[in-house]
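**Student:** start12.txt is reproduced in full below (compact mmCIF, C-alpha atoms and all ligand atoms).
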# COMPACT_ATOMS: atom_id res chain seq x y z
CA MET P 62 -36.29 6.03 -14.13
CA PRO P 63 -33.25 6.93 -11.97
CA LEU P 64 -32.72 4.55 -9.07
CA ASP P 65 -33.16 5.84 -5.55
CA GLU P 66 -29.75 6.02 -3.81
CA THR P 67 -30.73 3.35 -1.27
CA GLU P 68 -31.65 0.91 -4.03
CA THR P 69 -28.12 0.97 -5.47
CA ARG P 70 -26.53 -0.09 -2.17
CA SER P 71 -25.70 -3.71 -1.46
CA THR P 72 -28.14 -5.63 0.72
CA PRO P 73 -26.38 -7.27 3.68
CA ALA P 74 -26.57 -11.09 3.64
CA PRO P 75 -28.89 -12.77 6.17
CA ILE P 76 -26.16 -14.79 7.96
CA GLN P 77 -23.49 -12.25 8.58
CA SER P 78 -19.83 -12.84 9.12
CA LEU P 79 -17.03 -10.43 9.90
CA SER P 80 -13.32 -10.72 9.08
CA VAL P 81 -10.88 -8.39 10.81
CA ILE P 82 -7.54 -7.90 9.05
CA VAL P 83 -4.60 -6.90 11.24
CA PRO P 84 -1.21 -6.19 9.59
CA ALA P 85 1.52 -6.68 12.16
CA TYR P 86 5.19 -5.81 11.91
CA ASN P 87 7.16 -6.14 15.15
CA GLU P 88 4.13 -5.66 17.36
CA GLN P 89 4.96 -8.03 20.20
CA GLU P 90 4.20 -5.43 22.88
CA VAL P 91 0.72 -4.61 21.65
CA LEU P 92 -0.70 -7.84 20.24
CA PRO P 93 -1.92 -9.41 23.52
CA GLU P 94 -3.74 -6.23 24.56
CA PHE P 95 -5.08 -5.75 21.03
CA TYR P 96 -6.40 -9.30 20.99
CA ARG P 97 -8.00 -8.86 24.43
CA ARG P 98 -9.84 -5.71 23.36
CA LEU P 99 -10.86 -7.23 20.04
CA CYS P 100 -12.32 -10.31 21.80
CA GLU P 101 -14.40 -8.03 24.02
CA VAL P 102 -15.78 -6.35 20.90
CA PHE P 103 -16.45 -9.72 19.22
CA ALA P 104 -18.41 -10.84 22.31
CA GLY P 105 -20.85 -7.98 21.80
CA LEU P 106 -21.38 -8.61 18.06
CA ASP P 107 -24.14 -10.87 16.73
CA MET P 108 -21.94 -12.03 13.85
CA LYS P 109 -19.60 -14.88 13.07
CA CYS P 110 -16.23 -13.25 13.61
CA GLU P 111 -12.70 -14.09 12.57
CA VAL P 112 -9.43 -12.23 12.81
CA ILE P 113 -6.70 -12.52 10.19
CA PHE P 114 -3.27 -11.51 11.41
CA VAL P 115 -0.83 -10.74 8.61
CA ASN P 116 2.72 -11.14 9.88
CA ASP P 117 4.72 -8.79 7.70
CA GLY P 118 8.16 -10.33 8.17
CA SER P 119 8.45 -9.39 11.85
CA THR P 120 11.80 -9.96 13.48
CA ASP P 121 10.57 -10.04 17.08
CA ARG P 122 8.13 -12.46 18.79
CA THR P 123 5.10 -11.34 16.78
CA LEU P 124 4.86 -14.59 14.82
CA GLU P 125 5.17 -16.64 17.99
CA ILE P 126 2.39 -14.67 19.67
CA ILE P 127 0.06 -14.98 16.67
CA SER P 128 0.77 -18.71 16.38
CA GLY P 129 -0.12 -19.03 20.08
CA LEU P 130 -3.42 -17.22 19.48
CA TYR P 131 -4.08 -19.44 16.45
CA ARG P 132 -3.69 -22.56 18.59
CA CYS P 133 -6.06 -21.35 21.32
CA ASP P 134 -8.74 -19.57 19.31
CA ALA P 135 -10.57 -21.08 16.34
CA ARG P 136 -11.37 -17.59 15.04
CA VAL P 137 -7.73 -16.69 14.38
CA SER P 138 -6.01 -17.05 10.99
CA LEU P 139 -2.39 -16.31 10.22
CA VAL P 140 -1.06 -15.08 6.90
CA ASP P 141 2.71 -15.17 7.19
CA LEU P 142 4.51 -13.22 4.47
CA SER P 143 7.93 -14.36 3.28
CA ARG P 144 9.55 -11.04 4.29
CA ASN P 145 8.62 -7.48 5.19
CA PHE P 146 6.59 -6.12 2.28
CA GLY P 147 5.20 -2.99 3.95
CA LYS P 148 1.80 -2.31 5.38
CA GLU P 149 0.03 -1.64 2.09
CA ILE P 150 0.93 -5.04 0.68
CA ALA P 151 0.26 -6.74 4.02
CA LEU P 152 -3.24 -5.32 3.76
CA ALA P 153 -3.62 -6.67 0.23
CA ALA P 154 -2.58 -10.12 1.50
CA GLY P 155 -5.17 -9.85 4.27
CA LEU P 156 -7.90 -8.85 1.82
CA ASP P 157 -7.04 -11.85 -0.37
CA HIS P 158 -7.71 -14.15 2.58
CA ALA P 159 -10.76 -12.46 4.07
CA ASP P 160 -14.04 -14.14 3.25
CA GLY P 161 -16.41 -12.38 5.64
CA ASP P 162 -19.51 -10.55 4.46
CA ALA P 163 -17.94 -7.49 5.99
CA VAL P 164 -14.21 -6.97 6.35
CA ILE P 165 -12.52 -4.60 8.79
CA VAL P 166 -8.99 -3.28 8.29
CA ILE P 167 -7.37 -2.18 11.54
CA ASP P 168 -3.86 -1.42 12.88
CA ALA P 169 -2.45 -3.64 15.61
CA ASP P 170 -1.09 -0.77 17.69
CA LEU P 171 -4.49 0.23 19.14
CA GLN P 172 -4.37 3.65 17.52
CA ASP P 173 -7.56 2.51 15.85
CA PRO P 174 -9.90 1.59 18.71
CA PRO P 175 -11.54 -1.83 18.11
CA GLU P 176 -14.51 -0.52 20.13
CA LEU P 177 -15.55 1.47 17.05
CA ILE P 178 -16.21 -1.74 15.10
CA PRO P 179 -19.90 -2.12 16.15
CA GLU P 180 -20.59 1.40 14.87
CA LEU P 181 -18.89 0.62 11.54
CA VAL P 182 -20.97 -2.56 11.32
CA SER P 183 -24.20 -0.67 12.01
CA HIS P 184 -23.55 1.66 9.05
CA TRP P 185 -22.69 -1.32 6.85
CA ARG P 186 -26.04 -2.85 7.86
CA ALA P 187 -27.68 0.40 6.85
CA GLY P 188 -26.33 -0.31 3.35
CA TYR P 189 -22.95 1.39 3.07
CA ASP P 190 -20.11 -0.46 1.31
CA VAL P 191 -17.18 1.44 2.75
CA VAL P 192 -17.45 2.81 6.28
CA TYR P 193 -14.25 4.64 7.12
CA ALA P 194 -13.10 6.04 10.42
CA GLN P 195 -12.20 9.72 10.20
CA ARG P 196 -9.91 11.22 12.83
CA ILE P 197 -11.11 14.18 14.82
CA CYS P 198 -7.83 14.39 16.69
CA ARG P 199 -4.37 12.86 16.61
CA ASP P 200 -3.32 12.53 20.24
CA GLY P 201 0.29 11.61 20.84
CA GLU P 202 1.59 12.79 17.46
CA SER P 203 4.04 15.65 17.09
CA ILE P 204 2.94 19.06 15.83
CA ALA P 205 5.22 18.55 12.81
CA LYS P 206 3.52 15.27 11.89
CA LYS P 207 0.08 16.79 12.35
CA THR P 208 0.98 19.76 10.16
CA THR P 209 2.55 17.71 7.39
CA ALA P 210 -0.41 15.32 7.39
CA TYR P 211 -2.80 18.28 7.20
CA LEU P 212 -0.92 19.87 4.30
CA PHE P 213 -0.58 16.55 2.48
CA TYR P 214 -4.31 15.84 2.55
CA ARG P 215 -5.12 19.35 1.34
CA LEU P 216 -2.63 19.00 -1.54
CA LEU P 217 -3.92 15.55 -2.44
CA GLN P 218 -7.45 16.90 -2.48
CA LYS P 219 -6.34 19.47 -5.06
CA VAL P 220 -4.35 17.25 -7.42
CA CYS P 221 -6.20 13.93 -7.38
CA ARG P 222 -8.85 12.87 -9.76
CA VAL P 223 -10.57 10.79 -7.08
CA ARG P 224 -11.65 12.42 -3.84
CA VAL P 225 -9.50 10.99 -1.06
CA PRO P 226 -11.20 11.81 2.25
CA GLU P 227 -8.95 13.83 4.55
CA ASP P 228 -7.75 12.74 8.00
CA THR P 229 -8.60 9.17 7.17
CA GLY P 230 -6.31 6.22 7.72
CA ASP P 231 -6.81 2.66 6.62
CA PHE P 232 -9.14 1.81 9.52
CA ARG P 233 -12.43 0.97 7.84
CA LEU P 234 -15.08 -1.59 7.04
CA LEU P 235 -15.54 -2.94 3.52
CA SER P 236 -18.56 -4.82 2.22
CA ARG P 237 -18.09 -8.02 0.28
CA ARG P 238 -18.36 -6.30 -3.08
CA ALA P 239 -15.93 -3.58 -2.00
CA VAL P 240 -13.43 -6.31 -1.02
CA GLU P 241 -13.89 -8.02 -4.39
CA ALA P 242 -13.24 -4.67 -6.06
CA MET P 243 -10.09 -4.11 -3.99
CA ARG P 244 -8.83 -7.59 -4.85
CA GLN P 245 -8.85 -6.68 -8.52
CA LEU P 246 -6.40 -3.85 -7.96
CA ARG P 247 -3.03 -5.58 -8.17
CA GLU P 248 -0.74 -2.61 -8.61
CA GLN P 249 2.68 -2.75 -6.93
CA HIS P 250 2.64 0.83 -5.74
CA ARG P 251 -0.34 0.82 -3.49
CA PHE P 252 -1.65 4.03 -2.09
CA MET P 253 -4.43 2.37 -0.14
CA LYS P 254 -6.42 5.45 0.84
CA GLY P 255 -6.58 6.39 -2.83
CA LEU P 256 -7.54 2.85 -3.89
CA PHE P 257 -10.29 2.71 -1.26
CA ALA P 258 -11.66 5.95 -2.68
CA TRP P 259 -11.18 4.83 -6.28
CA ILE P 260 -13.50 1.82 -5.98
CA GLY P 261 -16.44 4.11 -5.30
CA PHE P 262 -19.68 2.59 -3.88
CA PRO P 263 -21.65 4.29 -1.10
CA GLN P 264 -19.13 5.42 1.52
CA LYS P 265 -19.68 6.77 5.01
CA PRO P 266 -17.29 8.54 7.40
CA VAL P 267 -17.46 7.83 11.13
CA PRO P 268 -15.60 10.34 13.34
CA TYR P 269 -13.29 8.96 16.02
CA ARG P 270 -10.45 9.99 18.29
CA ARG P 271 -7.15 8.49 17.15
CA ASP P 272 -5.39 7.31 20.28
CA PRO P 273 -1.65 7.37 20.78
CA ARG P 274 0.20 4.14 20.05
CA PHE P 275 -0.41 1.66 22.93
CA ALA P 276 3.23 0.49 23.01
CA GLY P 277 6.17 -0.04 20.68
CA LYS P 278 7.38 2.43 18.08
CA SER P 279 5.80 3.73 14.89
CA LYS P 280 7.51 2.33 11.80
CA TRP P 281 7.17 5.72 10.17
CA ASN P 282 9.80 8.36 9.81
CA TYR P 283 9.89 11.49 7.72
CA TRP P 284 11.60 9.81 4.79
CA ASN P 285 8.80 7.20 4.71
CA LEU P 286 6.24 9.94 5.00
CA TRP P 287 7.78 11.82 2.09
CA ASN P 288 7.77 8.67 -0.05
CA PHE P 289 4.21 7.99 0.99
CA ALA P 290 3.20 11.46 -0.16
CA LEU P 291 5.01 10.92 -3.49
CA GLU P 292 3.22 7.60 -3.86
CA GLY P 293 -0.15 9.20 -3.24
CA ILE P 294 0.38 11.95 -5.76
CA THR P 295 2.00 9.88 -8.51
CA SER P 296 -0.58 7.07 -8.16
CA PHE P 297 -3.51 9.36 -8.64
CA SER P 298 -2.38 12.35 -10.62
CA CYS P 299 -0.31 13.12 -13.68
CA GLY P 300 -0.24 16.79 -12.64
CA PRO P 301 3.50 16.93 -11.79
CA LEU P 302 4.32 15.80 -15.34
CA LYS P 303 2.74 18.97 -16.60
CA VAL P 304 4.88 21.14 -14.34
CA ALA P 305 7.80 20.94 -16.78
CA THR P 306 5.59 22.05 -19.64
CA TYR P 307 4.34 25.10 -17.78
CA ILE P 308 7.71 26.09 -16.35
CA GLY P 309 9.12 25.67 -19.88
CA LEU P 310 6.42 27.91 -21.29
CA LEU P 311 6.95 30.56 -18.63
CA THR P 312 10.70 30.48 -19.14
CA ALA P 313 10.29 30.81 -22.89
CA PHE P 314 8.03 33.83 -22.45
CA GLY P 315 10.48 35.31 -19.94
CA ALA P 316 13.40 34.76 -22.33
CA PHE P 317 11.47 36.32 -25.17
CA GLY P 318 10.67 39.41 -23.07
CA TYR P 319 14.24 39.70 -21.82
CA GLY P 320 15.59 39.33 -25.39
CA PHE P 321 13.31 42.12 -26.53
CA TYR P 322 14.50 44.35 -23.66
CA MET P 323 18.16 43.62 -24.52
CA MET P 324 17.55 44.45 -28.15
CA ILE P 325 16.01 47.84 -27.34
CA ARG P 326 18.73 48.59 -24.80
CA THR P 327 21.51 47.75 -27.26
CA LEU P 328 19.88 49.93 -29.92
CA LEU P 329 19.53 52.85 -27.54
CA PHE P 330 22.72 52.60 -25.44
CA GLY P 331 25.12 50.39 -27.46
CA ASN P 332 26.56 47.11 -26.14
CA PRO P 333 28.90 47.42 -23.13
CA VAL P 334 28.92 43.55 -22.65
CA PRO P 335 27.52 43.42 -19.12
CA GLY P 336 25.63 40.52 -17.58
CA TYR P 337 28.03 37.76 -16.57
CA PRO P 338 26.25 37.23 -13.19
CA SER P 339 22.79 37.21 -14.77
CA LEU P 340 24.04 34.67 -17.32
CA VAL P 341 25.22 32.34 -14.58
CA VAL P 342 21.94 32.71 -12.68
CA ILE P 343 19.92 31.92 -15.80
CA ILE P 344 22.03 28.89 -16.69
CA LEU P 345 21.80 27.53 -13.15
CA PHE P 346 18.07 28.17 -13.03
CA LEU P 347 17.45 26.38 -16.32
CA GLY P 348 19.75 23.51 -15.30
CA GLY P 349 17.78 23.15 -12.07
CA VAL P 350 14.43 23.19 -13.84
CA GLN P 351 15.63 20.59 -16.33
CA LEU P 352 16.92 18.25 -13.64
CA LEU P 353 13.73 18.67 -11.66
CA SER P 354 11.65 17.84 -14.72
CA ILE P 355 13.75 14.78 -15.50
CA GLY P 356 13.36 13.74 -11.87
CA ILE P 357 9.57 14.01 -12.09
CA ILE P 358 9.51 11.98 -15.29
CA GLY P 359 11.83 9.51 -13.55
CA GLU P 360 9.36 9.06 -10.67
CA TYR P 361 6.66 8.00 -13.10
CA LEU P 362 9.01 5.93 -15.23
CA ALA P 363 10.27 4.02 -12.19
CA ARG P 364 6.71 3.16 -11.26
CA MET P 365 6.00 1.96 -14.79
CA PHE P 366 9.16 -0.14 -14.60
CA ASP P 367 7.99 -1.75 -11.35
CA GLU P 368 4.53 -2.46 -12.72
CA SER P 369 5.85 -3.84 -15.99
CA LYS P 370 7.71 -6.65 -14.20
CA HIS P 371 4.37 -8.20 -13.18
CA ARG P 372 5.78 -9.70 -10.03
CA PRO P 373 3.37 -11.18 -7.52
CA LEU P 374 2.43 -8.64 -4.86
CA TYR P 375 3.73 -10.86 -2.07
CA LEU P 376 4.85 -14.38 -1.30
CA LEU P 377 3.55 -16.48 1.57
CA LYS P 378 5.73 -18.41 3.93
CA ASN P 379 2.75 -19.96 5.62
CA TYR P 380 -1.00 -19.68 5.82
CA LEU P 381 -2.88 -21.04 8.78
CA SER P 382 -6.58 -20.76 8.13
CA ALA P 383 -8.81 -20.43 11.19
CA PRO P 384 -10.25 -23.87 12.02
CA GLY P 385 -13.60 -22.17 12.60
CA SER P 386 -13.39 -20.11 9.41
CA MET P 387 -16.59 -19.38 7.63
CA HIS P 388 -15.88 -20.91 4.27
CA PRO P 389 -14.70 -24.48 3.85
CA ASN P 390 -12.67 -23.61 0.74
CA MET P 391 -10.43 -21.23 2.70
CA GLY P 392 -7.97 -24.00 3.42
CA ALA P 393 -7.47 -24.44 -0.33
CA ARG P 394 -5.58 -21.16 -0.35
CA ARG P 395 -2.72 -22.66 1.63
CA GLY P 396 0.54 -21.67 0.03
CA GLN P 397 -1.12 -19.46 -2.54
CA THR P 398 1.11 -16.74 -3.87
CA HIS P 399 -0.11 -13.47 -5.26
N1 LIG T 1 2.94 -2.42 9.55
C1 LIG T 1 3.15 -3.50 8.69
N2 LIG T 1 4.28 -3.51 7.90
C2 LIG T 1 5.19 -2.50 7.93
C3 LIG T 1 4.94 -1.39 8.79
C4 LIG T 1 3.81 -1.38 9.58
O1 LIG T 1 2.36 -4.42 8.63
O2 LIG T 1 6.18 -2.57 7.20
C5 LIG T 1 1.72 -2.43 10.41
C6 LIG T 1 2.01 -2.20 11.89
O3 LIG T 1 2.30 -3.40 12.54
C7 LIG T 1 0.71 -1.59 12.37
C8 LIG T 1 0.24 -0.79 11.17
O4 LIG T 1 0.92 -1.34 10.03
O5 LIG T 1 -0.27 -2.57 12.67
C9 LIG T 1 0.54 0.69 11.30
O6 LIG T 1 1.93 0.88 11.49
P1 LIG T 1 2.51 2.09 12.35
O7 LIG T 1 1.78 2.18 13.65
O8 LIG T 1 3.98 1.88 12.42
O9 LIG T 1 2.18 3.34 11.45
P2 LIG T 1 1.50 4.73 11.92
O10 LIG T 1 0.33 4.41 12.79
O11 LIG T 1 2.56 5.45 12.66
O12 LIG T 1 1.09 5.40 10.66
MG MG T 2 0.33 3.38 14.39
Would you give me this structure, written as structure tokens?
Ligand code: UDP
Ligand code: MG

**Tutor:**
Amino acid sequence: MPLDETETRSTPAPIQSLSVIVPAYNEQEVLPEFYRRLCEVFAGLDMKCEVIFVNDGSTDRTLEIISGLYRCDARVSLVDLSRNFGKEIALAAGLDHADGDAVIVIDADLQDPPELIPELVSHWRAGYDVVYAQRICRDGESIAKKTTAYLFYRLLQKVCRVRVPEDTGDFRLLSRRAVEAMRQLREQHRFMKGLFAWIGFPQKPVPYRRDPRFAGKSKWNYWNLWNFALEGITSFSCGPLKVATYIGLLTAFGAFGYGFYMMIRTLLFGNPVPGYPSLVVIILFLGGVQLLSIGIIGEYLARMFDESKHRPLYLLKNYLSAPGSMHPNMGARRGQTH
């Protein structure tokens, strides 16, 4: 007999604990305010809470501020990466160190409001494994960024084999089993939104207003955004590899048709040797298509090259486990490298 949908969902554990993962790269301006708002949210939650700050090789006072918080608050852990690995890997490091029954992933810059956490938790308690925040607006972002984000999500929707929800960032809650699933995904090129979708399990969107950055500057620029889009598409679709095949086919058909036309024309009107410009255009066009196709293959090949080295995802400089952390074995992770 097929199982009712509710029966397949995970049952929340009786004593519930919550880990909040915060990747931070040069966030000295926002961390104190972020921490203050997070503590207010924690105060209203009937759960054992902890916050795991992942210092992603910051060059400002971020590490100092987190260490200060660690000393004053038994709920704070610090995962200090050996250099800047990028947000996606910082998140993976956080997930590796999060032992809560539910785990929240949130940006430090207050674009993701911590006040939404209780709502995410309530859906998790209703049995959802992944509760993701879905933007209804992007205040403070340029029209160009909004448009490119919009187009990117629509394109991704079309080419990907898994359904990546649109207008969704990394801000979300994961159940224990969703975290365990994420921990198994050790790929170097991490398109997190795609991975979150790939693991499956019952998922639930929660609409929210994405605030402008509280302070500091976004680490994103258009070059990053372009690479991010490439990452998304190449991680979850082999579609671009087929482009060369289809352009090749079309060109072959075109050449065949044009050859036929030339033959008839020569038979009817003789051969006055015209066509130098069209020859150049055709050669350039084919050269362009070939280079483009090699480039596409190269994108995939480079990713295979990176994966084949089997390097650890990140290295830790230091790990300070929260003194009040929920699981006694957490300290055993000290110095662990992944
Ligand atoms: N971040 C990180 N490593 C990086 C870049 C960013 O850990 O190399 C963190 C950053 O501190 C913030 C979050 O990722 O908490 C989102 O970064 P940002 O606000 O720059 O991105 P945006 O919101 O513009 O997409
Ligand atoms: Mg931001």

**Student:** Place a sphere of radius 12 Å on (-4.3, 18.1, -0.7) in the file coordinates and name every protein, DNA or RNA residue with an atom inside or on its surface, counting only C-alpha atoms; give the answer as a list in words.

**Tutor:** Thr209, Ala210, Tyr211, Leu212, Phe213, Tyr214, Arg215, Leu216, Leu217, Gln218, Lys219, Val220, Cys221, Arg222, Val223, Arg224, Val225, Pro226, Glu227, Asp228, Ala290, Gly293, Ile294, Phe297 and Ser298 of chain P

**Student:** Using all atoms listed in the file, can you tell me which of P:Leu171, P:Leu130, P:Leu310, P:Ala104 comes closest to ligand LIG 1 (chain T)?

**Tutor:**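 For ligand LIG 1 (chain T), the nearest of the candidates is P:Leu171.
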
**Student:** List the spatial neighbours of stretch 251-263 of chain P as a PyMOL selection string - criterion: any atom at most 8 Å away, only C-alpha atoms, same-chain residues fewer than 2 positions off excluded.

**Tutor:** chain P and resi 70+149-150+188-191+223-226+229-231+239+242-243+246+248-249+265+289+292-293+296-297

**Student:** Could you tell me how far atom CA of P:Leu302 lies from atom CA of P:Leu347, in Å and to one decimal?

**Tutor:**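 So the two atoms, atom CA of P:Leu302 and atom CA of P:Leu347, lie 16.9 Å apart.
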
**Student:** Using only C-alpha atoms and all ligand atoms, find each residue with an atom at most 7 Å away from ligand MG 2 (chain T) and format the answer as a list in words.

**Tutor:**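 Going residue by residue within 7 Å of ligand MG 2 (chain T), we get Asp168, Asp170, Gln172, Arg274 and Ser279 of chain P.
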
**Student:** Mind pulling up the distance from atom CA of P:Phe114 to atom CA of P:Leu291?

**Tutor:**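 That distance, rounded to one decimal, is 28.2 Å.
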
**Student:** Counting all atoms listed in the file, name the residues that have an atom within 7 Å of an atom of ligand LIG 1 (chain T); the answer should be given as a PDB file with C-alpha atoms, in the frame of the given file.

**Tutor:**
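Written out: selection.pdb:
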ATOM      1  CA  VAL P  83      -4.600  -6.900  11.240  1.00  0.00           C
ATOM      2  CA  PRO P  84      -1.210  -6.190   9.590  1.00  0.00           C
ATOM      3  CA  ALA P  85       1.520  -6.680  12.160  1.00  0.00           C
ATOM      4  CA  TYR P  86       5.190  -5.810  11.910  1.00  0.00           C
ATOM      5  CA  ASN P  87       7.160  -6.140  15.150  1.00  0.00           C
ATOM      6  CA  GLU P  88       4.130  -5.660  17.360  1.00  0.00           C
ATOM      7  CA  ASN P 116       2.720 -11.140   9.880  1.00  0.00           C
ATOM      8  CA  ASP P 117       4.720  -8.790   7.700  1.00  0.00           C
ATOM      9  CA  ASN P 145       8.620  -7.480   5.190  1.00  0.00           C
ATOM     10  CA  PHE P 146       6.590  -6.120   2.280  1.00  0.00           C
ATOM     11  CA  GLY P 147       5.200  -2.990   3.950  1.00  0.00           C
ATOM     12  CA  LYS P 148       1.800  -2.310   5.380  1.00  0.00           C
ATOM     13  CA  ALA P 151       0.260  -6.740   4.020  1.00  0.00           C
ATOM     14  CA  ASP P 168      -3.860  -1.420  12.880  1.00  0.00           C
ATOM     15  CA  ALA P 169      -2.450  -3.640  15.610  1.00  0.00           C
ATOM     16  CA  ASP P 170      -1.090  -0.770  17.690  1.00  0.00           C
ATOM     17  CA  GLN P 172      -4.370   3.650  17.520  1.00  0.00           C
ATOM     18  CA  ARG P 274       0.200   4.140  20.050  1.00  0.00           C
ATOM     19  CA  LYS P 278       7.380   2.430  18.080  1.00  0.00           C
ATOM     20  CA  SER P 279       5.800   3.730  14.890  1.00  0.00           C
ATOM     21  CA  LYS P 280       7.510   2.330  11.800  1.00  0.00           C
ATOM     22  CA  TRP P 281       7.170   5.720  10.170  1.00  0.00           C
TER      23      TRP P 281
END

**Student:** Find the nearest atom pair between each residue of stretch 269-373 of chain P and stretch 173-178 of chain P for residues within 12 Å, count only C-alpha atoms, give distances in Å to one decimal, sort rows by chain and ascending number, and present the table as a Markdown table.

**Tutor:**
| residue | atom | partner | partner_atom | distance |
| --- | --- | --- | --- | --- |
| P:Tyr269 | CA | P:Leu177 | CA | 7.9 |
| P:Arg270 | CA | P:Asp173 | CA | 8.4 |
| P:Arg271 | CA | P:Asp173 | CA | 6.1 |
| P:Asp272 | CA | P:Asp173 | CA | 6.9 |
| P:Pro273 | CA | P:Asp173 | CA | 9.1 |
| P:Arg274 | CA | P:Asp173 | CA | 9.0 |
| P:Phe275 | CA | P:Asp173 | CA | 10.1 |

**Student:** How many Å lie between atom CA of P:Asp162 and atom CA of P:Glu125, rounded to one decimal?

**Tutor:**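 Computing it gives 28.8 Å between the two atoms.
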
**Student:** Pick out the closest residue to P:Ser80 from this set: P:Ser369, P:Thr123, P:Ser339, P:Ser236. Count only C-alpha atoms.

**Tutor:**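 Of all the options, P:Ser236 lies closest to P:Ser80.
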
**Student:** Here is a test: counting all atoms listed in the file, which residue of P:Thr295, P:Gln245, P:Ser138, P:Thr327 is nearest to P:His158?

**Tutor:**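 For P:His158, the nearest of the candidates is P:Ser138.
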
**Student:** Rank P:Phe95, P:Tyr375, P:Tyr361, P:Tyr319 by their smallest atom-to-atom distance to P:Gly118, using all atoms listed in the file, and report the top residue only.

**Tutor:**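 Using all atoms listed in the file, P:Gly118 sits closest to P:Tyr375.
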
**Student:** List as a PyMOL selection string: which residues have an atom within 7 Å of (9.1, 16.4, -15.6), counting only C-alpha atoms?

**Tutor:** chain P and resi 301-305+353-358

**Student:** Just to be explicit: take each residue in the selection above, keep C-alpha atoms, and write the result as a PDB file, keeping the file's coordinate frame.

**Tutor:**
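Writing done, so here's selection-v6.pdb:
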ATOM      1  CA  PRO P 301       3.500  16.930 -11.790  1.00  0.00           C
ATOM      2  CA  LEU P 302       4.320  15.800 -15.340  1.00  0.00           C
ATOM      3  CA  LYS P 303       2.740  18.970 -16.600  1.00  0.00           C
ATOM      4  CA  VAL P 304       4.880  21.140 -14.340  1.00  0.00           C
ATOM      5  CA  ALA P 305       7.800  20.940 -16.780  1.00  0.00           C
ATOM      6  CA  LEU P 353      13.730  18.670 -11.660  1.00  0.00           C
ATOM      7  CA  SER P 354      11.650  17.840 -14.720  1.00  0.00           C
ATOM      8  CA  ILE P 355      13.750  14.780 -15.500  1.00  0.00           C
ATOM      9  CA  GLY P 356      13.360  13.740 -11.870  1.00  0.00           C
ATOM     10  CA  ILE P 357       9.570  14.010 -12.090  1.00  0.00           C
ATOM     11  CA  ILE P 358       9.510  11.980 -15.290  1.00  0.00           C
TER      12      ILE P 358
END

**Student:** Using all atoms listed in the file, which residues sit within 12 Å of P:Gly129 once same-chain residues fewer than 6 positions away are excluded, as a list of chain:residue names?

**Tutor:**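 With the cut-off at 12 Å, the set is P:Leu92, P:Pro93, P:Tyr96, P:Phe114, P:Arg122, P:Thr123, P:Ala135, P:Val137, P:Ser138, P:Leu139, P:Leu381.
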
**Student:** Kindly export the residues of the current selection with C-alpha atoms, as a PDB file, in the frame of the given file.

**Tutor:**
ATOM      1  CA  LEU P  92      -0.700  -7.840  20.240  1.00  0.00           C
ATOM      2  CA  PRO P  93      -1.920  -9.410  23.520  1.00  0.00           C
ATOM      3  CA  TYR P  96      -6.400  -9.300  20.990  1.00  0.00           C
ATOM      4  CA  PHE P 114      -3.270 -11.510  11.410  1.00  0.00           C
ATOM      5  CA  ARG P 122       8.130 -12.460  18.790  1.00  0.00           C
ATOM      6  CA  THR P 123       5.100 -11.340  16.780  1.00  0.00           C
ATOM      7  CA  ALA P 135     -10.570 -21.080  16.340  1.00  0.00           C
ATOM      8  CA  VAL P 137      -7.730 -16.690  14.380  1.00  0.00           C
ATOM      9  CA  SER P 138      -6.010 -17.050  10.990  1.00  0.00           C
ATOM     10  CA  LEU P 139      -2.390 -16.310  10.220  1.00  0.00           C
ATOM     11  CA  LEU P 381      -2.880 -21.040   8.780  1.00  0.00           C
TER      12      LEU P 381
END

**Student:** From the set P:Leu376, P:Leu142, P:Leu234, P:Ile308, which residue has the shortest atom-to-atom contact distance to P:Leu124, counting all atoms listed in the file?

**Tutor:**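 Of P:Leu376, P:Leu142, P:Leu234, P:Ile308, the one nearest P:Leu124 is P:Leu142, counting all atoms listed in the file.
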
**Student:** Considering all atoms listed in the file, can you say which of P:Ala383, P:Ala153, P:Val81, P:Ile343 comes closest to P:Arg247?

**Tutor:**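 Closest candidate: P:Ala153.
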
**Student:** Which residues are near P:Ile82? Cut-off 8 Å, only C-alpha atoms, ignore same chain within fewer than 4 positions. Put them as a list in words.

**Tutor:**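 Contacts, with the query itself left out: Val112, Ile113, Phe114, Val115, Leu152, Gly155, Leu156, Ala159, Val164, Ile165, Val166 and Ile167 of chain P.
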